[in-house]
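Q: If you scroll down you'll find the structure; I have some questions about it.
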2 protein chains.
Amino acid sequence: MTSLEGRKRVIISNVFPRVDDGKYPAKAAVNQSLTISASIFCDGHDTIAASALIRHSTERTWREIPMKLLVNDLWEAPFKPEKTGFYEFNIQAWIDHFTTWKKGLRKKAEAGQTLAVELQIGAGIIEKAAAQAPAKDKYTLLQFSHVLRDEQNPEKALLLALSDEPDALMFRYRDKNLITRDSKVYRIEVERQKALYSSWYELFPRSTAAQEGKHGTFNDVKKLLPRIAKMGFDTLYFPPIHPIGEINRKGKNNSLTASPDDPGSPWAIGNRLGGHKAIHPQLGTIKDFKSLLAEANKHGIEIALDIAYQCAPDHPYVKEHPQWFTWRPDGTVQYAENPPKKYEDILPFNFETDDWQNLWQELKSVIDYWIEVGVSVFRIDNPHTKSFAFWEWMIGEVRKQHPEVIFLAEAFTRPRLMERLGKAGFNQSYTYFSWRNTKQELEEYINELVNSEMKAYFRPNFWPNTPDILPDMLVHGGENAHIMRLILAATLSSSFGIYGPVYEFCINEPHPGKEEYTNSEKYEIKHWDWNVETRIAEVITRINRIRKNNQALHDTYNIQIAQTTSDNILCYVKTHKESGNILIMAVNLDPFNTHGAHVKIPVETLAGIDVNRPYVVHDLLSSDKYRWIGEWNYVQLNPYEMPAHIFRVEQ
Amino acid sequence: MTSLEGRKRVIISNVFPRVDDGKYPAKAAVNQSLTISASIFCDGHDTIAASALIRHSTERTWREIPMKLLVNDLWEAPFKPEKTGFYEFNIQAWIDHFTTWKKGLRKKAEAGQTLAVELQIGAGIIEKAAAQAPAKDKYTLLQFSHVLRDEQNPEKALLLALSDEPDALMFRYRDKNLITRDSKVYRIEVERQKALYSSWYELFPRSTAAQEGKHGTFNDVKKLLPRIAKMGFDTLYFPPIHPIGEINRKGKNNSLTASPDDPGSPWAIGNRLGGHKAIHPQLGTIKDFKSLLAEANKHGIEIALDIAYQCAPDHPYVKEHPQWFTWRPDGTVQYAENPPKKYEDILPFNFETDDWQNLWQELKSVIDYWIEVGVSVFRIDNPHTKSFAFWEWMIGEVRKQHPEVIFLAEAFTRPRLMERLGKAGFNQSYTYFSWRNTKQELEEYINELVNSEMKAYFRPNFWPNTPDILPDMLVHGGENAHIMRLILAATLSSSFGIYGPVYEFCINEPHPGKEEYTNSEKYEIKHWDWNVETRIAEVITRINRIRKNNQALHDTYNIQIAQTTSDNILCYVKTHKESGNILIMAVNLDPFNTHGAHVKIPVETLAGIDVNRPYVVHDLLSSDKYRWIGEWNYVQLNPYEMPAHIFRVEQ
């Protein structure tokens, strides 16, 4: 204990954002509005002050952001990171003896008590600060104390004492010896904006040929780019593009035997032509792929690759690195299984291999290779079936060199595993949104994502469907449900995605007894007529335009759930404070029936709305405008017309 | 990274009990039933196993307690500490390849798959374990693998494989290289049982004289011991017993001027006769006090002293250690104030003094002195107005030498400060119970105390009244309310107390405009007729007997709130599993009217109750018995008869 330590009386705890007590960094994106908070208090009745000290890891000096007391000893400071990389922050707090004295003085003055001694005490505090100050400031402070000590002129003394004139200098020359500085420095990893705000479209490149029956190529995809860009997507995501295993290849509808012309599942990676760094020859060459990347780039679209760390039985790794697999006593490699189920076309890596260090390096080199080619966004297949320690290491290493790289975790597993993947470094994650349908389910889930500790490290990406998931709601609710679920995904979460063609064209026939598409594109090549115009596609285009034009939709954590009088109407508000952008979403969750409800707008918390005056809400979907007043207002939504309002508040 | 680290696939997090990430120990009492828990999982589908390693700080070897999976990757181990002091614990977990294999084998067998290779794999796992085992166990294991490898006798092999015969040895010789051991060792401070289970009676010794108008003495208190013991209290707590300041002494009802015969407030400590280590002469001598301690001891009663770290203006410290106080420019010492309020009879210590180390030592020496005299229980006055750092140091130091000492924090302040005092080491704390009256308020508060992280470090002591607090409920609810609030305090919390005489005799006239007693005993000597028998006192005696005889009431954290159909009826269940003691409390919160309600008993969770058969509930207050069946049963309570049932479940 140093000779000062025991005199420090301010306590700092519950610092946030803080992930596993600082073991992992919190996440943020450039320009995201963050709040740094802590519980701060001292014994007794003294006034305290606090500030957050922040710096980018490349900076030497700390920026000091004053904190404000909110409620119940919770202090907050706003912070908006300007660049990617790691920021460090730390909280400091101290007893503000000058303000304590000033507040007491005011109360004593109001109570008509004698103040002569009080003013002398104040002068003493100022002189103590003056002793710390260099020439000019010292002089100013001593002038203040001179006024306070002038017993001939107590009114003038009181006036100065109660003014805010001395405050800035008294702050600057506060007694720094007694500042409590929290013992821990916490980190925030700041990523590019896309980590927080992105719109994904998934398609199988092999299904993009103009002519039915032909295998699609990267060049075919190129032709679709204007269409995808026009729909407003910024990320085009492909299932694995590598050579597909020929041994134990699956046929249509996941059947155990493939006919000679079955293309197989793209997730059964690798054959005699190559593995995770090779391209399936029918899609094109590496040159074609690079050309596609360049062309996509012109349209503001990034290509996201799917990385599935698993092998078909004929993947070159099996012969080159047999020690990375589990071998059975009969000399065969152990395939993936979840007894009694077997996945004969897939060999998992054995993360307990003695050769784990080489395995990790090789798996990382796959990412490095595609980064080199020009890819910056990766969707990772089933990360929860590979070692968490590996992810933590791999993502950390990749991002050291390439902070622009984004990893989306394709995990639909148990909560603790989902959370851990976020902590381990995944920038985005799939979620349970696909199965959250009722108002209560959606409200509870949103609340968990944005109001629990998860908000510090888990960034949701909402998908109404995927090639693996055709939820009942889309089966039974048809076109209306597709539109409703799309609007929910795209306005609840700042990142969302769809498995595109089937969604646009409202393909929704389930495989019997499963929550999956029948005749799934996973096992066969499809042909789509890209010229068909659908109501769903039209809404997608509108939604993406609305997302682009309204900064309130560029964040997920700015959401407020609004009370409604109907279990069928979900209502929520999103705001972007700096631009004054306020959106009110009201969604009819029933795809078949018209419902109405009163919705309670939290006007008190919305800077743009005058509680006592009418405000205009402008529906960006229909262009209709309504004049609303106060908290409670009425909406009615017919799902056959449009299942939602997206109101922008206008003054 | 060591060469094994990367192969460990199990993740351990959210360890509980854990206070501020292990900075502070969790609290427990000897024989308290604790649960150690953690989130534990691994990638993929493998079966895992986990155990808690625990040892007393005086032990060298770790005890291993197996953990069980509860739900959602939450694992738990029961732990009951046997002795006081610090225990350390740590969680370890590993992938149980043998059980993973066994489960898969069973499923494959059930699905009729061929098992020949599977049995070879199992034999291999067993042989790997055998390689770790010494002679005899190695031989047994190799016999097992021999059976599994015997292709002539697959039925026998399967039978052995699916039996639990190999389990114990396979556990013992599991691959210890791949065990994940949580990086942190957490501590639990175990205190004597009284820290958790205690019944307090507060009286002013000066008001115990047999003859009206005389100053009570320790010898007078001695005569009351049989009465207090008969009522069932184990702790007799005195306000400060030191010389009372004569300068600025307060008169009756806290008036600014005392008349010559006003005794002053015992909390204005110190005068020319001494300070915190002296005894007010009119109470007796140190010898009298020691004699009282000895006599109390015979009755199973401990004397708790009140330590108020503050001084009257004539306390010897002011002259001896002027540097411990704040001096004003006019040469006076700064008295306590909360502007514009002033407390002229009280001088606070300045915890920012440069001489803080000597101040801390002297304040600790006060406790040391009274421990030396024979006191082990201290009620600390207003700890939240003294430096938290001081408490942490002082309590830690005292308990190193005297783990039997108990500190009760007299804090009724903001939540974060209450919590911090618990973390800083206070063994018990006053609570907000005094102001929690409605069913919702009580349920929420109990829930916060026993189901939040607070349960690890904050031990409540429920007081319906104190010399400072006469709640409205006691004023308006009269005798019935006194009985109802007493029953609540004594059955919700395993530690409770009353400011006794006024409670027993139902004195409840408030000081106008305040939540305090008028003509408060704090400022004058009272005379009580101890022979008056009251209904309240009779219930107190019964309640304390019930507490003593039912182990379910010796714990606070074993409470389950039960649903009821009336807002006036609060119902809760407490259980002591080992003894099978189950109590059901139902309390009418309205002191004026009879209320009935159906109450939902969580029979599924109560080991003693057969869901399908009637059970007898025996009211320990009235001796009535009822035959109940299943969850929902009916109670009706007339507050003029008895506002509560305390049912013991009998088979």
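Convention: chains lettered A, B, ... in structure tokens order; per-chain residue numbering from 1; ligands numbered from 1 as shown.
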Could you list, as a list in words, the residues of chain A having an atom within 7 Å of chain B when counting only C-alpha atoms?
A: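 That gives Gly6, Arg7, Arg9, Asp21, Asp43, Gly44, His45, Gly104, Lys107, Lys108, Ala111, Val117, Gln120, Ile121, Arg328, Pro329, Asp330, Asn338, Pro339, Pro340, Phe351, Glu352, Trp356, His384, Thr385, Lys386, Ser387, Phe388 and Ala389 of chain A for chain A.
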Q: Might you pull out every residue within 12 Å of Ser452 (chain A), with only C-alpha atoms counted and same-chain residues fewer than 2 positions away left off, and present them as a list in words?
A: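 Residues meeting the cut-off are Phe16, Pro17, Arg18, Val19, Glu419, Glu444, Tyr445, Ile446, Asn447, Glu448, Leu449, Val450, Met454, Lys455, Ala456, Tyr457, Phe458 and Tyr557 of chain A.
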Q: Would you pick out the contacts of Glu404 (chain A) at 12 Å or less, using only C-alpha atoms, so that residues sharing its chain but fewer than 3 positions from it are not included, and give the list as an MDAnalysis selection string?
A: chainID A and resid 29:30 83:85 189:195 371 374:378 395 398:401 407 427
Q: Please produce an output containing C-alpha atoms for each residue in the selection, written as a PDB file, in the first residue's frame.
A:
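Writing done, so here's again.pdb:
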ATOM      1  CA  ALA A  29     -17.905  -0.330 -35.167  1.00  0.00           C
ATOM      2  CA  VAL A  30     -16.518   2.925 -36.473  1.00  0.00           C
ATOM      3  CA  LYS A  83     -11.090   4.298 -36.506  1.00  0.00           C
ATOM      4  CA  THR A  84     -10.671   0.556 -36.548  1.00  0.00           C
ATOM      5  CA  GLY A  85      -8.376  -1.330 -34.215  1.00  0.00           C
ATOM      6  CA  GLU A 189     -12.135  -3.717 -30.723  1.00  0.00           C
ATOM      7  CA  VAL A 190     -13.432  -1.339 -33.337  1.00  0.00           C
ATOM      8  CA  GLU A 191     -14.305  -2.772 -36.721  1.00  0.00           C
ATOM      9  CA  ARG A 192     -15.371  -1.206 -39.949  1.00  0.00           C
ATOM     10  CA  GLN A 193     -18.999  -0.172 -40.153  1.00  0.00           C
ATOM     11  CA  LYS A 194     -19.977  -3.247 -42.141  1.00  0.00           C
ATOM     12  CA  ALA A 195     -19.434  -5.419 -39.077  1.00  0.00           C
ATOM     13  CA  ILE A 371      -7.772 -12.740 -48.183  1.00  0.00           C
ATOM     14  CA  GLY A 374      -9.361 -10.363 -52.286  1.00  0.00           C
ATOM     15  CA  VAL A 375     -12.058 -11.699 -49.971  1.00  0.00           C
ATOM     16  CA  SER A 376     -12.742  -9.847 -46.696  1.00  0.00           C
ATOM     17  CA  VAL A 377     -15.951 -11.440 -45.507  1.00  0.00           C
ATOM     18  CA  PHE A 378     -16.219 -15.058 -44.377  1.00  0.00           C
ATOM     19  CA  ILE A 395      -9.443 -14.852 -35.672  1.00  0.00           C
ATOM     20  CA  VAL A 398      -5.976 -12.828 -38.913  1.00  0.00           C
ATOM     21  CA  ARG A 399      -7.349  -9.569 -37.577  1.00  0.00           C
ATOM     22  CA  LYS A 400      -3.922  -8.412 -36.430  1.00  0.00           C
ATOM     23  CA  GLN A 401      -2.928  -8.243 -40.097  1.00  0.00           C
ATOM     24  CA  PHE A 407     -16.302 -13.459 -39.726  1.00  0.00           C
ATOM     25  CA  ASN A 427     -17.829 -10.323 -35.692  1.00  0.00           C
TER      26      ASN A 427
END
Q: What's the separation between CA of Phe218 (chain B) and CA of Arg272 (chain B), in Å to one decimal place?
A: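 Atom-to-atom, CA of Phe218 (chain B) to CA of Arg272 (chain B), that is 21.6 Å.
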Q: Nearest to Ser163 (chain B) among B:Trp463, B:Glu202, B:Leu142, B:Thr99, with distances taken over only C-alpha atoms: which residue is it?
A: B:Thr99
Q: Ranking B:His645, B:Arg55, B:Lys514, B:Lys128 by minimum distance to Leu169 (chain B) and counting only C-alpha atoms, which one comes first?
A: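 Smallest separation from Leu169 (chain B) among the options: B:Lys128.
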Q: In Å to one decimal, how far is CA of Arg459 (chain B) from CA of Ala409 (chain B)?
A: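 If I compute the distance from CA of Ala409 (chain B) to CA of Arg459 (chain B), I get 10.0 Å.
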Q: What gap, in Å, lies between CA of Pro501 (chain A) and CA of Glu212 (chain A)?
A: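 Computing the Euclidean distance for CA of Pro501 (chain A) and CA of Glu212 (chain A) yields 15.2 Å.
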Q: Have a look at B:Tyr317, B:Tyr572, B:Trp435, B:Tyr369 and name the one nearest to Lys277 (chain B); count only C-alpha atoms.
A: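 Using only C-alpha atoms, the shortest distance to Lys277 (chain B) belongs to B:Tyr369.
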Q: Residues within 9 Å of Ile301 (chain B), please, as a list in words. Count only C-alpha atoms; anything in the same chain fewer than 3 positions from it doesn't count.
A: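 Non-adjacent residues within range: Leu225, Ile228, Ala229, Phe233, Asp234, Thr235, Leu236, Leu293, Glu295, Ala296, Asn297 and Lys298 of chain B.
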Q: Can you work out which one of B:Met170, B:Leu488, B:Ala210, B:Leu160 has the shortest atom-to-atom distance to Trp528 (chain B), counting only C-alpha atoms?
A: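 Of the candidates, the smallest distance to Trp528 (chain B) is held by B:Ala210.
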Q: Which residue is closest to Ile247 (chain A)? Choose from A:Ile188, A:Ala312, A:Val603, A:Val587 and count only C-alpha atoms.
A: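 Using only C-alpha atoms, Ile247 (chain A) sits closest to A:Ala312.
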Q: Of the residues A:Leu224, A:Ile279, A:Leu570, A:Ile269, which is the one nearest to Asn531 (chain A), using only C-alpha atoms?
A: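 Of all the options, A:Leu224 lies closest to Asn531 (chain A).
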Q: Which of region 139-380 of chain A counts as alpha helix (DSSP H) under DSSP, as JSON, numbers by chain please?
A: {"A": [139, 140, 141, 142, 143, 144, 145, 146, 147, 148, 149, 154, 155, 156, 157, 158, 159, 160, 161, 162, 167, 168, 169, 170, 171, 172, 218, 219, 220, 221, 222, 223, 224, 225, 226, 227, 228, 229, 230, 231, 286, 287, 288, 289, 290, 291, 292, 293, 294, 295, 296, 297, 298, 316, 317, 318, 319, 320, 356, 357, 358, 359, 360, 361, 362, 363, 364, 365, 366, 367, 368, 369, 370, 371, 372, 373]}
Q: For the strand (DSSP E) assignment from backbone DSSP, which residues of region 473-650 of chain A qualify? Please present them as number ranges by chain.
A: A: 495-499, 559-564, 569-576, 581-588, 595-600, 615-619, 625-628, 632-637, 644-650
